[in-house]
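Asks: Got a structure for you, data_0.cif, holding mmCIF, C-alpha atoms and all ligand atoms.
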```cif
data_query
#
loop_
_atom_site.label_atom_id
_atom_site.label_comp_id
_atom_site.auth_asym_id
_atom_site.auth_seq_id
_atom_site.Cartn_x
_atom_site.Cartn_y
_atom_site.Cartn_z
CA MET A 442 124.69 39.04 4.32
CA GLU A 443 126.56 39.97 1.18
CA ALA A 444 128.07 42.75 3.17
CA PHE A 445 129.99 40.15 5.16
CA ILE A 446 132.24 39.65 2.26
CA SER A 447 132.68 43.27 1.49
CA ARG A 448 134.80 44.02 4.50
CA LYS A 449 138.40 43.78 5.42
CA ARG A 450 139.06 40.51 7.11
CA ARG A 451 142.46 41.22 8.61
CA LYS A 452 141.23 42.41 11.98
CA LEU A 453 138.89 39.45 12.28
CA SER A 454 141.50 36.77 12.44
CA SER A 455 139.16 34.07 13.72
CA GLU A 456 136.88 34.69 10.81
CA ALA A 457 137.23 33.14 7.40
CA ALA A 458 135.54 34.58 4.42
CA SER A 459 133.17 33.87 1.64
CA SER A 460 132.93 33.78 -2.08
CA SER A 461 130.69 35.64 -4.53
CA GLU A 462 132.35 37.94 -6.92
CA ARG A 463 130.41 41.02 -6.81
CA LYS A 464 130.87 42.73 -3.57
CA ASP A 465 133.03 45.69 -3.17
CA GLU A 466 134.98 47.22 -0.36
CA ASP A 467 135.53 50.65 0.89
CA GLY A 468 139.19 50.20 1.49
CA ASP A 469 138.34 52.14 4.62
CA GLY A 470 138.24 49.56 7.33
CA GLU A 471 135.41 47.80 9.03
CA SER A 472 132.28 49.77 8.28
CA THR A 473 128.79 50.03 9.59
CA ASP A 474 127.51 47.77 6.83
CA PHE A 475 129.78 44.98 7.91
CA LYS A 476 128.85 45.44 11.54
CA LEU A 477 125.20 45.53 10.55
CA ALA A 478 125.60 42.32 8.60
CA MET A 479 127.28 40.64 11.58
CA LEU A 480 124.54 41.88 13.85
CA ALA A 481 121.88 40.63 11.41
CA SER A 482 123.41 37.16 11.51
CA LEU A 483 123.39 37.16 15.30
CA CYS A 484 119.87 38.59 15.51
CA PRO A 485 118.23 37.32 12.29
CA ASP A 486 114.66 38.16 13.31
CA TRP A 487 115.19 41.85 13.86
CA PRO A 488 114.41 44.51 11.22
CA GLN A 489 117.39 46.38 9.74
CA ASP A 490 116.36 49.76 11.11
CA ILE A 491 116.26 48.45 14.66
CA LEU A 492 119.61 46.73 14.19
CA LEU A 493 121.07 50.03 13.01
CA ASP A 494 119.55 51.98 15.90
CA SER A 495 120.92 49.44 18.33
CA LEU A 496 124.36 49.57 16.74
CA LEU A 497 124.42 53.34 16.95
CA ALA A 498 123.23 53.29 20.54
CA CYS A 499 126.08 50.89 21.38
CA GLU A 500 128.65 53.11 19.63
CA GLY A 501 129.31 50.54 16.93
CA SER A 502 129.92 47.56 19.23
CA VAL A 503 128.33 44.50 17.60
CA GLU A 504 128.67 42.45 20.75
CA ARG A 505 126.92 45.01 22.97
CA ALA A 506 124.20 45.62 20.36
CA ALA A 507 123.55 41.87 20.05
CA ASP A 508 123.41 41.50 23.81
CA ALA A 509 120.97 44.37 24.10
CA LEU A 510 118.71 42.93 21.41
CA LEU A 511 118.84 39.31 22.43
CA LEU A 512 118.19 39.90 26.11
CA PRO A 513 114.59 41.12 25.67
CA ALA A 514 114.09 38.74 22.74
CA LYS A 515 114.31 35.84 25.17
CA THR A 516 111.01 37.01 26.63
CA GLY A 517 109.23 38.16 23.49
CA ALA A 518 109.19 38.58 19.73
CA PRO A 519 111.07 41.39 17.99
CA PRO A 520 109.05 44.57 17.59
CA LYS A 521 107.36 45.23 14.30
CA ARG A 522 108.99 47.70 11.95
CA SER A 523 107.46 51.10 12.52
CA ALA A 524 105.03 51.99 9.79
CA VAL A 525 105.97 55.66 10.05
CA ASN A 526 109.47 54.98 8.73
CA GLY A 527 108.27 54.84 5.14
CA TYR A 528 106.87 57.91 3.50
CA GLN A 529 106.10 59.60 0.19
CA SER A 530 105.21 57.95 -3.05
CA CYS A 531 105.30 60.01 -6.23
CA LEU A 532 107.61 62.99 -6.12
CA ALA A 533 106.83 63.83 -9.70
CA TRP A 534 103.47 65.17 -8.60
CA PHE A 535 105.38 68.10 -7.19
CA ALA A 536 108.01 68.52 -9.86
CA ARG A 537 108.08 70.32 -13.18
CA PRO A 538 108.12 67.71 -15.93
CA PRO A 539 111.44 67.72 -17.82
CA GLU A 540 111.34 69.40 -21.20
CA ASP A 541 113.13 68.20 -24.30
CA GLY A 542 116.71 69.41 -24.37
CA ASP A 543 116.88 69.89 -20.60
CA VAL A 544 120.20 68.88 -19.13
CA ARG A 545 119.74 68.03 -15.50
CA THR A 546 122.09 66.71 -12.91
CA PRO A 547 120.77 64.09 -10.50
CA SER A 548 119.13 65.67 -7.52
CA LYS A 549 121.75 66.76 -5.00
CA LYS A 550 119.10 67.70 -2.50
CA THR A 551 118.87 65.30 0.40
CA LEU A 552 115.37 63.87 0.19
CA THR A 553 115.87 61.20 2.75
CA GLN A 554 116.30 61.65 6.45
CA LYS A 555 118.37 59.70 8.89
CA GLY A 556 116.70 56.42 9.79
CA LYS A 557 113.88 56.94 7.28
CA THR A 558 112.96 55.15 4.08
CA LEU A 559 111.66 57.09 1.11
CA HIS A 560 109.54 54.88 -1.13
CA LEU A 561 109.67 55.51 -4.86
CA PHE A 562 107.34 53.90 -7.36
CA ALA A 563 107.28 56.14 -10.42
CA PRO A 564 110.10 55.75 -13.00
CA GLU A 565 110.52 59.53 -13.21
CA ASP A 566 111.15 59.70 -9.45
CA VAL A 567 113.59 56.81 -9.55
CA GLU A 568 115.70 58.40 -12.27
CA ALA A 569 115.61 61.84 -10.68
CA HIS A 570 116.60 60.79 -7.17
CA THR A 571 118.70 57.65 -7.48
CA PRO A 572 121.50 56.46 -9.81
CA CYS A 573 119.02 54.03 -11.38
CA SER A 574 116.30 54.01 -13.97
CA ILE A 575 113.45 51.55 -14.21
CA ILE A 576 111.26 50.25 -17.02
CA HIS A 577 108.01 48.67 -15.89
CA ASN A 578 106.39 45.88 -17.95
CA PHE A 579 109.67 45.51 -19.79
CA LEU A 580 109.08 42.23 -21.64
CA PRO A 581 106.03 41.10 -23.60
CA GLN A 582 104.03 39.03 -21.14
CA ASP A 583 104.57 35.69 -22.91
CA ILE A 584 108.35 36.18 -22.91
CA ALA A 585 108.38 37.24 -19.23
CA ASP A 586 106.33 34.17 -18.30
CA ALA A 587 108.53 31.81 -20.34
CA LEU A 588 111.65 33.22 -18.71
CA LEU A 589 110.15 33.02 -15.25
CA ARG A 590 109.13 29.38 -15.82
CA GLU A 591 112.60 28.54 -17.02
CA LEU A 592 114.19 30.19 -13.97
CA LEU A 593 111.78 28.46 -11.61
CA ASP A 594 113.02 25.18 -13.10
CA GLU A 595 116.63 26.30 -12.61
CA ALA A 596 116.18 27.59 -9.05
CA PRO A 597 116.56 24.23 -7.27
CA SER A 598 120.16 24.14 -8.55
CA PHE A 599 120.99 27.50 -6.95
CA THR A 600 123.14 27.50 -3.82
CA ARG A 601 123.68 29.68 -0.81
CA GLU A 602 127.05 31.10 -0.02
CA THR A 603 128.48 30.19 3.33
CA PHE A 604 130.63 32.41 5.49
CA GLN A 605 132.64 31.67 8.54
CA LEU A 606 131.90 34.38 11.06
CA PHE A 607 133.94 34.00 14.21
CA ASP A 608 132.95 30.51 15.38
CA ARG A 609 129.74 30.38 13.36
CA THR A 610 129.08 29.29 9.81
CA VAL A 611 126.54 31.63 8.30
CA GLU A 612 124.62 31.17 5.05
CA SER A 613 123.69 33.93 2.63
CA PRO A 614 120.01 34.77 3.04
CA HIS A 615 119.13 33.91 -0.56
CA SER A 616 120.38 31.49 -3.22
CA MET A 617 122.04 32.22 -6.56
CA ARG A 618 123.86 30.87 -9.60
CA PHE A 619 126.34 32.39 -12.03
CA TYR A 620 125.76 32.10 -15.81
CA VAL A 621 127.93 32.84 -18.83
CA ASP A 622 127.01 32.58 -22.48
CA SER A 623 129.14 29.60 -23.64
CA LEU A 624 130.60 26.41 -22.22
CA ASP A 625 134.09 27.68 -23.07
CA GLU A 626 133.49 30.78 -20.99
CA ALA A 627 132.10 28.63 -18.17
CA GLN A 628 135.31 26.60 -18.19
CA GLU A 629 137.38 29.78 -18.24
CA GLN A 630 135.38 31.18 -15.34
CA LYS A 631 135.84 28.07 -13.22
CA THR A 632 139.58 27.99 -13.72
CA ARG A 633 140.80 31.57 -14.19
CA TYR A 634 138.43 34.07 -12.62
CA VAL A 635 138.97 34.60 -8.93
CA TYR A 636 136.18 35.83 -6.68
CA ASN A 637 137.27 36.87 -3.22
CA GLY A 638 140.22 34.55 -3.42
CA SER A 639 138.46 31.46 -4.79
CA TYR A 640 137.12 30.05 -8.03
CA ILE A 641 133.39 29.55 -8.51
CA ALA A 642 132.84 25.78 -8.74
CA ASP A 643 129.43 25.97 -10.39
CA VAL A 644 129.21 28.16 -13.48
CA ALA A 645 126.25 27.46 -15.76
CA GLN A 646 125.57 28.23 -19.39
CA THR A 647 123.04 31.00 -20.05
CA THR A 648 119.66 29.37 -20.71
CA PRO A 649 117.83 29.90 -24.03
CA GLU A 650 115.22 32.30 -22.61
CA MET A 651 117.85 34.25 -20.68
CA LEU A 652 119.86 34.61 -23.88
CA LYS A 653 116.83 35.78 -25.85
CA VAL A 654 116.04 38.34 -23.17
CA SER A 655 119.69 39.38 -22.93
CA ALA A 656 119.42 40.89 -26.44
CA LEU A 657 116.38 42.92 -25.37
CA VAL A 658 118.08 44.02 -22.15
CA ARG A 659 121.13 45.07 -24.16
CA GLY A 660 119.09 47.37 -26.40
CA ALA A 661 117.15 48.90 -23.51
CA VAL A 662 120.18 49.40 -21.27
CA ASN A 663 122.16 51.15 -24.02
CA GLU A 664 119.22 53.43 -24.64
CA GLU A 665 118.93 54.17 -20.92
CA ILE A 666 122.66 54.90 -20.70
CA GLY A 667 122.38 57.40 -23.55
CA HIS A 668 119.37 58.99 -21.93
CA ARG A 669 121.10 59.21 -18.56
CA ILE A 670 124.20 60.84 -20.03
CA GLN A 671 122.24 63.33 -22.05
CA ARG A 672 119.77 64.32 -19.37
CA PHE A 673 121.65 63.95 -16.10
CA TYR A 674 125.41 64.17 -16.48
CA PRO A 675 127.30 67.47 -16.48
CA SER A 676 127.47 68.92 -20.01
CA GLY A 677 125.68 65.81 -21.29
CA GLU A 678 128.96 63.86 -21.30
CA LYS A 679 129.73 60.41 -19.96
CA LEU A 680 131.44 60.27 -16.58
CA LYS A 681 135.19 60.10 -16.16
CA PHE A 682 136.24 56.39 -16.34
CA GLN A 683 132.92 55.37 -17.89
CA SER A 684 133.34 53.18 -20.95
CA PRO A 685 132.17 54.80 -24.21
CA GLU A 686 131.69 51.35 -25.75
CA GLU A 687 128.34 49.69 -26.24
CA TRP A 688 127.19 47.80 -23.15
CA GLN A 689 127.13 44.10 -24.06
CA PRO A 690 125.92 41.67 -21.40
CA ASN A 691 127.89 38.41 -21.37
CA ALA A 692 127.49 37.14 -17.79
CA SER A 693 124.82 37.21 -15.13
CA PHE A 694 124.15 36.37 -11.53
CA VAL A 695 120.66 34.98 -11.03
CA ASN A 696 119.25 35.40 -7.54
CA CYS A 697 116.32 33.57 -5.99
CA TYR A 698 114.49 34.95 -2.95
CA ALA A 699 112.30 32.01 -1.95
CA SER A 700 110.12 33.98 0.46
CA GLY A 701 109.70 37.46 1.89
CA LYS A 702 112.26 36.56 4.54
CA GLU A 703 115.05 36.15 2.01
CA SER A 704 117.18 39.17 1.30
CA VAL A 705 120.57 40.55 0.42
CA GLY A 706 122.43 42.98 2.68
CA TYR A 707 123.80 46.35 1.68
CA HIS A 708 126.75 46.05 -0.69
CA SER A 709 128.30 47.44 -3.85
CA ASP A 710 129.02 45.08 -6.72
CA GLN A 711 132.63 44.23 -7.30
CA LEU A 712 134.28 45.97 -10.23
CA THR A 713 137.22 43.63 -10.87
CA TYR A 714 135.90 42.30 -14.19
CA LEU A 715 133.40 45.03 -15.01
CA GLY A 716 135.76 47.98 -14.66
CA PRO A 717 135.13 51.46 -13.32
CA ARG A 718 131.71 53.07 -13.60
CA ALA A 719 130.03 49.74 -14.44
CA VAL A 720 126.42 49.56 -15.60
CA ILE A 721 124.23 46.58 -14.61
CA GLY A 722 120.83 45.59 -16.00
CA SER A 723 118.68 43.91 -13.33
CA LEU A 724 115.48 42.14 -14.36
CA SER A 725 112.91 41.22 -11.69
CA LEU A 726 110.38 38.41 -12.04
CA GLY A 727 107.81 36.99 -9.66
CA VAL A 728 107.03 38.56 -6.29
CA ALA A 729 107.51 42.34 -6.07
CA ARG A 730 110.17 43.37 -3.57
CA GLU A 731 111.89 46.54 -2.32
CA PHE A 732 115.32 47.41 -3.66
CA ARG A 733 116.93 49.78 -1.22
CA VAL A 734 119.70 52.20 -2.09
CA ARG A 735 121.77 54.43 0.12
CA ARG A 736 124.34 57.02 -0.86
CA ILE A 737 127.73 56.44 0.70
CA VAL A 738 128.81 59.50 2.59
CA PRO A 739 132.36 59.97 3.83
CA THR A 740 132.30 58.90 7.45
CA VAL A 741 134.40 59.38 10.52
CA ASN A 742 132.42 57.01 12.69
CA ALA A 743 129.55 54.52 12.58
CA ALA A 744 127.03 57.16 13.58
CA SER A 745 127.26 59.04 10.30
CA ALA A 746 126.60 56.05 8.03
CA ASP A 747 122.88 56.61 7.70
CA THR A 748 122.80 60.40 7.63
CA GLN A 749 120.76 60.45 4.46
CA GLY A 750 118.44 57.54 5.18
CA GLN A 751 117.60 55.16 2.39
CA ILE A 752 115.43 55.03 -0.70
CA ALA A 753 113.25 52.00 -1.50
CA ILE A 754 112.63 51.40 -5.20
CA HIS A 755 109.70 49.08 -5.78
CA LEU A 756 110.54 46.29 -8.19
CA PRO A 757 107.41 44.68 -9.60
CA HIS A 758 107.34 41.55 -11.75
CA ASN A 759 108.80 42.18 -15.22
CA SER A 760 110.63 45.40 -14.38
CA LEU A 761 114.10 46.22 -15.66
CA LEU A 762 116.19 48.28 -13.29
CA VAL A 763 119.33 49.84 -14.71
CA MET A 764 122.05 50.60 -12.20
CA HIS A 765 123.91 53.42 -13.88
CA ALA A 766 127.55 54.42 -13.80
CA GLU A 767 127.24 56.42 -10.57
CA MET A 768 125.93 53.44 -8.65
CA GLN A 769 128.70 51.08 -7.54
CA GLU A 770 131.23 53.71 -6.55
CA GLU A 771 128.91 56.06 -4.68
CA TRP A 772 125.93 54.04 -3.48
CA LYS A 773 125.15 50.73 -1.82
CA HIS A 774 122.11 48.59 -2.51
CA SER A 775 120.19 45.78 -0.82
CA VAL A 776 116.97 43.79 -1.01
CA ALA A 777 115.31 44.11 2.37
CA PRO A 778 113.35 41.29 3.98
CA ALA A 779 109.62 41.88 3.42
CA GLN A 780 107.09 41.64 6.21
CA ALA A 781 104.32 40.83 3.74
CA ILE A 782 104.33 39.86 0.08
CA ASP A 783 101.71 39.33 -2.61
CA PRO A 784 102.21 35.85 -4.03
CA HIS A 785 102.74 35.74 -7.79
CA PRO A 786 100.50 33.46 -9.92
CA LEU A 787 103.48 31.58 -11.41
CA ALA A 788 106.20 32.08 -8.82
CA GLY A 789 104.25 31.78 -5.58
CA ASN A 790 106.37 33.46 -2.89
CA LYS A 791 109.54 33.53 -5.00
CA ARG A 792 111.31 36.45 -6.61
CA LEU A 793 113.82 35.69 -9.37
CA ASN A 794 116.29 38.33 -10.43
CA ILE A 795 118.83 38.37 -13.24
CA THR A 796 121.68 40.87 -13.03
CA TYR A 797 123.09 41.11 -16.55
CA ARG A 798 126.71 42.21 -16.55
CA CYS A 799 129.31 43.20 -19.12
CA TYR A 800 132.66 41.51 -18.41
CA LYS A 801 135.49 43.37 -20.14
CA GLU A 802 137.96 41.33 -22.14
CA TYR A 803 140.81 43.60 -21.04
CA LEU A 804 140.04 42.82 -17.38
CA HIS A 805 140.53 39.09 -17.85
CA PRO A 806 142.71 37.83 -14.96
CA ASN A 807 145.41 37.00 -17.53
CA TYR A 808 146.11 40.72 -17.72
CA THR A 809 145.29 42.21 -14.33
CA PRO A 810 147.96 42.63 -11.62
CA ARG A 811 148.73 39.69 -9.36
CA CYS A 812 149.43 40.16 -5.67
CA LYS A 813 152.38 38.73 -3.74
CA CYS A 814 150.31 35.56 -3.08
CA ASP A 815 150.24 35.15 -6.90
CA VAL A 816 146.48 35.62 -7.06
CA PRO A 817 144.90 38.07 -9.54
CA ALA A 818 144.18 41.20 -7.52
CA VAL A 819 140.75 42.63 -6.76
CA LEU A 820 139.75 46.07 -8.07
CA ARG A 821 138.23 48.38 -5.54
CA CYS A 822 137.24 52.00 -5.32
CA VAL A 823 137.74 54.10 -2.22
CA GLN A 824 134.23 54.95 -1.13
CA LYS A 825 134.43 56.57 2.25
CA ARG A 826 137.79 58.16 2.91
CA ALA A 827 137.21 61.74 1.79
CA ALA A 828 140.78 62.46 0.64
CA THR A 829 140.98 59.53 -1.79
CA ARG A 830 137.29 58.94 -2.51
CA GLY A 831 136.69 57.75 -6.06
CA ARG A 832 140.24 56.43 -6.61
CA TYR A 833 140.64 52.89 -7.86
CA MET A 834 143.13 50.40 -6.47
CA TRP A 835 144.28 46.82 -7.00
CA MET A 836 144.56 44.83 -3.79
CA CYS A 837 145.16 41.31 -2.52
CA HIS A 838 142.01 39.34 -1.86
CA SER A 839 143.62 36.14 -0.69
CA GLY A 840 142.59 37.29 2.76
CA TYR A 841 139.10 36.20 1.79
CA THR A 842 140.06 32.56 1.54
CA PRO A 843 139.50 30.54 4.73
CA GLY A 844 142.79 29.81 6.38
CA GLN A 845 144.72 32.42 4.39
CA THR A 846 145.67 35.82 5.66
CA GLY A 847 146.60 37.40 2.34
CA CYS A 848 149.40 39.85 1.64
CA SER A 849 149.64 43.60 1.86
CA TYR A 850 149.69 44.10 -1.92
CA PHE A 851 148.26 47.45 -2.89
CA GLU A 852 148.65 49.54 -6.02
CA TRP A 853 146.67 52.49 -7.33
CA ALA A 854 144.96 51.32 -10.50
CA ALA A 855 145.78 53.20 -13.68
CA PHE A 856 142.82 53.91 -15.97
CA ASP A 857 142.33 56.36 -18.75
CA ASP A 858 139.30 58.57 -19.09
CA ASP A 859 137.38 55.70 -20.74
CA GLY A 860 138.15 53.25 -17.91
CA ARG A 861 140.79 51.35 -19.91
CA PRO A 862 143.83 49.95 -18.10
CA PRO A 863 147.34 50.49 -19.53
CA TRP A 864 147.42 47.08 -21.26
CA ALA A 865 144.19 47.73 -23.20
CA GLU A 866 144.28 48.75 -26.82
CA GLY A 867 143.76 52.49 -27.20
CA TYR A 868 144.83 53.36 -23.63
CA LYS A 869 145.28 57.11 -23.44
CA GLY A 870 147.10 57.58 -20.13
CA ASN A 871 146.39 57.42 -16.43
CA VAL A 872 143.91 59.86 -14.99
CA ASN A 873 143.42 57.93 -11.71
CA VAL A 874 146.11 59.90 -9.92
CA PRO A 875 146.04 60.18 -6.13
CA ALA A 876 146.31 63.60 -4.58
CA PRO A 877 149.83 64.29 -3.27
CA GLY A 878 150.23 62.90 0.22
CA ASN A 879 147.45 60.36 -0.29
CA GLU A 880 149.43 57.61 -1.94
CA THR A 881 147.98 54.87 0.23
CA PRO A 882 144.36 54.51 1.26
CA VAL A 883 144.95 53.41 4.82
O1 LIG P 1 118.05 41.01 -6.32
C1 LIG P 1 118.36 42.13 -6.67
O2 LIG P 1 117.58 42.93 -7.18
C2 LIG P 1 119.79 42.62 -6.45
C3 LIG P 1 120.81 41.54 -6.45
C4 LIG P 1 122.17 42.10 -6.27
O3 LIG P 1 122.39 43.12 -5.71
C5 LIG P 1 123.31 41.38 -6.85
O4 LIG P 1 123.14 40.33 -7.47
O5 LIG P 1 124.43 41.87 -6.70
FE FE P 2 124.41 43.83 -6.08
#
```
Turn the structure described in the file into structure tokens.

Replies:
Amino acid sequence: MEAFISRKRRKLSSEAASSSERKDEDGDGESTDFKLAMLASLCPDWPQDILLDSLLACEGSVERAADALLLPAKTGAPPKRSAVNGYQSCLAWFARPPEDGDVRTPSKKTLTQKGKTLHLFAPEDVEAHTPCSIIHNFLPQDIADALLRELLDEAPSFTRETFQLFDRTVESPHSMRFYVDSLDEAQEQKTRYVYNGSYIADVAQTTPEMLKVSALVRGAVNEEIGHRIQRFYPSGEKLKFQSPEEWQPNASFVNCYASGKESVGYHSDQLTYLGPRAVIGSLSLGVAREFRVRRIVPTVNAASADTQGQIAIHLPHNSLLVMHAEMQEEWKHSVAPAQAIDPHPLAGNKRLNITYRCYKEYLHPNYTPRCKCDVPAVLRCVQKRAATRGRYMWMCHSGYTPGQTGCSYFEWAAFDDDGRPPWAEGYKGNVNVPAPGNETPV
């Protein structure tokens, strides 16, 4: 569902848009994810893989795919997800264990196959084959339980996002709330920070347990970043545009999945306030669920969107998943609906998830470019178009506001090697330079 808001709205004139900060765009037009999300809203009972198959069979036409699926559904229930789609468990059984001093790059080999899901459980497999790392049993049990209890008390205040999709109003398939560390910041967020063209009306103050845990997450994430750079990045150096500063969480989205049916569609998190090559620390509590990731491959048509299949990372209670600097620009992630779940002793059927984020002071909307509608622009990275892939751009997002069409404002974003914009202290010069002849993304 989140993917609804990660698409260009211009072509869909009868459609208004939604809120939520985090979701990113390709800058490449209406993609398979968006079509999939639309199809999922029209056919909510069908598994993702069947939706995708149907979309491909109908050459990307959402209407035809929905017709094809809904016709038989009138006479029977949707088919069960095929059990043969998932395979493999611990790749490390087959791999040489890394030795101290090894510098490895993340596996380039395609492990996943079109339409298949590769299930990963072991932390060493997750870090070797995805842009993430995971720490199981992250918190001492009493702290994890206290945090979970606190979030269970908070959850009734969470809300669902609503989207206007053609003539339908659609709700996000899980609820959430945004938290910042002080009341001043909450006020600032409500009045200055724009998310897909709107302000967030409800911004809460980070709760005491969340704040306590934030300090632990901060230490662990910084350690994981160092480990990732040393072991996986070329020459053991941080990526171009990645911040060399310490990662300091100061904001978080908390998500609640009330049952196995609740989910979030494939998306990338929006970079506007996090900057390029953002790192996110994601703590899972309660019911274990699958976190699916898929590498974005440059596409020419809908049929090539799933050429590498997807990887499911299992997120048990009290696990900390770190989405590293490769993640938001090159991969998409989702939480798939679960056909069966194991209830948790404290949380019942619920999963609570905190995504700790590091908002950069120099990306405060006071400083970032404003579009012709006089709205702070949204920062996006070209994900699919091969010629400009990986370039950052500032664009208008007023088009996300119901009733507004937005403007055509577009500007390549200037960042130095450390991801700092020109107005930031210590800016060393633009390295986000488009290739000649590729000055505009569309
Ligand atoms: O629930 C999760 O693990 C992921 C949530 C997510 O992707 C988000 O908040 O952007
Ligand atoms: Fe996300």

Asks: Go through A:Gln689, A:Thr713, A:Gln646, A:Ser616 one by one, measure the shortest atom-to-atom distance of each to ligand LIG 1 (chain P) using only C-alpha atoms and all ligand atoms, and give the residue with the smallest value.

Replies: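 With only C-alpha atoms and all ligand atoms as the atom set, the closest residue is A:Ser616.
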
Asks: Quick one: residues within 8 Å of A:Asp643, only C-alpha atoms counted, chain neighbours fewer than 3 positions away excluded, as an MDAnalysis selection string?

Replies: chainID A and resid 618:619 631

Asks: Determine, counting all atoms listed in the file, which protein, DNA and RNA residues have an atom within 9 Å of an atom of A:Phe732; residues of the same chain fewer than 3 positions away are not included. Present the result as a JSON list (two decimals) with C-alpha atoms, in the frame of the given file.

Replies:
```json
[["chain", "number", "residue", "atom", "x", "y", "z"],
["A", 752, "ILE", "CA", 115.43, 55.03, -0.70],
["A", 753, "ALA", "CA", 113.25, 52.00, -1.50],
["A", 754, "ILE", "CA", 112.63, 51.40, -5.20],
["A", 755, "HIS", "CA", 109.70, 49.08, -5.78],
["A", 756, "LEU", "CA", 110.54, 46.29, -8.19],
["A", 774, "HIS", "CA", 122.11, 48.59, -2.51],
["A", 775, "SER", "CA", 120.19, 45.78, -0.82],
["A", 776, "VAL", "CA", 116.97, 43.79, -1.01],
["A", 777, "ALA", "CA", 115.31, 44.11, 2.37]]
```

Asks: Kindly work out which residues sit at most 8 Å from ligand LIG 1 (chain P), using only C-alpha atoms and all ligand atoms, and give the list as a ChimeraX atom specification.

Replies: /A:463-464,694-698,704-705,708-710,723-725,732,756,774-776,793-796

Asks: To one decimal in Å, tell me the separation between atom CA of A:Asp625 and atom CA of A:Leu657.

Replies: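 Distance between the two atoms: 23.5 Å.
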
Asks: In Å to one decimal, how far is atom CA of A:Leu592 from atom CA of A:His615?

Replies: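 Going from atom CA of A:His615 over to atom CA of A:Leu592 covers 14.8 Å.
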
Asks: Mind listing whatever residues come within 12 Å of the point (129.1, 49.0, -25.2)? Use only C-alpha atoms, file coordinates, and give them as a PyMOL selection string.

Replies: chain A and resi 659-660+662-664+666-667+683-691+715+719-721+798-801+859

Asks: Using atom CA of A:Gln711 and atom CA of A:Arg672 as the two end points, give the distance in Å to one decimal.

Replies: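 One can read the atom CA of A:Gln711 to atom CA of A:Arg672 distance as 26.7 Å.
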
Asks: Select, from A:Cys848, A:Met617, A:Met836, A:Ala855, the residue with the minimum atom-to-atom distance to A:Val644, counting all atoms listed in the file.

Replies: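 Closest candidate: A:Met617.
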
Asks: Quick one: axis-aligned box around all listed atoms of stretch 859-872 of chain A, 4 Å on every side, centre and edge lengths in Å to one decimal, written as AutoDock Vina command-line options.

Replies:
```
--center_x 142.4 --center_y 53.5 --center_z -21.1 --size_x 18.0 --size_y 20.8 --size_z 20.2
```

Asks: Calculated over all atoms listed in the file, which of the candidates A:Leu712, A:Tyr636, A:Tyr850, A:Gly722 has the smallest distance to A:Val654?

Replies: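 Once distances to A:Val654 are computed over all atoms listed in the file, the minimum belongs to A:Gly722.
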
Asks: Which residue gives the smallest distance to A:Glu771 among A:Ala876, A:Leu820, A:Arg832, A:Met651, with only C-alpha atoms counted?

Replies: A:Arg832

Asks: Rank nothing, just name the residue among A:Tyr797, A:Phe851, A:Arg633, A:Glu565 nearest to A:Met764, using only C-alpha atoms.

Replies: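 Selected residue with least distance to A:Met764: A:Tyr797.
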
Asks: Between A:Val763, A:Ile576, A:Val816, A:Ala645, which is the closest to ligand FE 2 (chain P) once you count only C-alpha atoms and all ligand atoms?

Replies: A:Val763
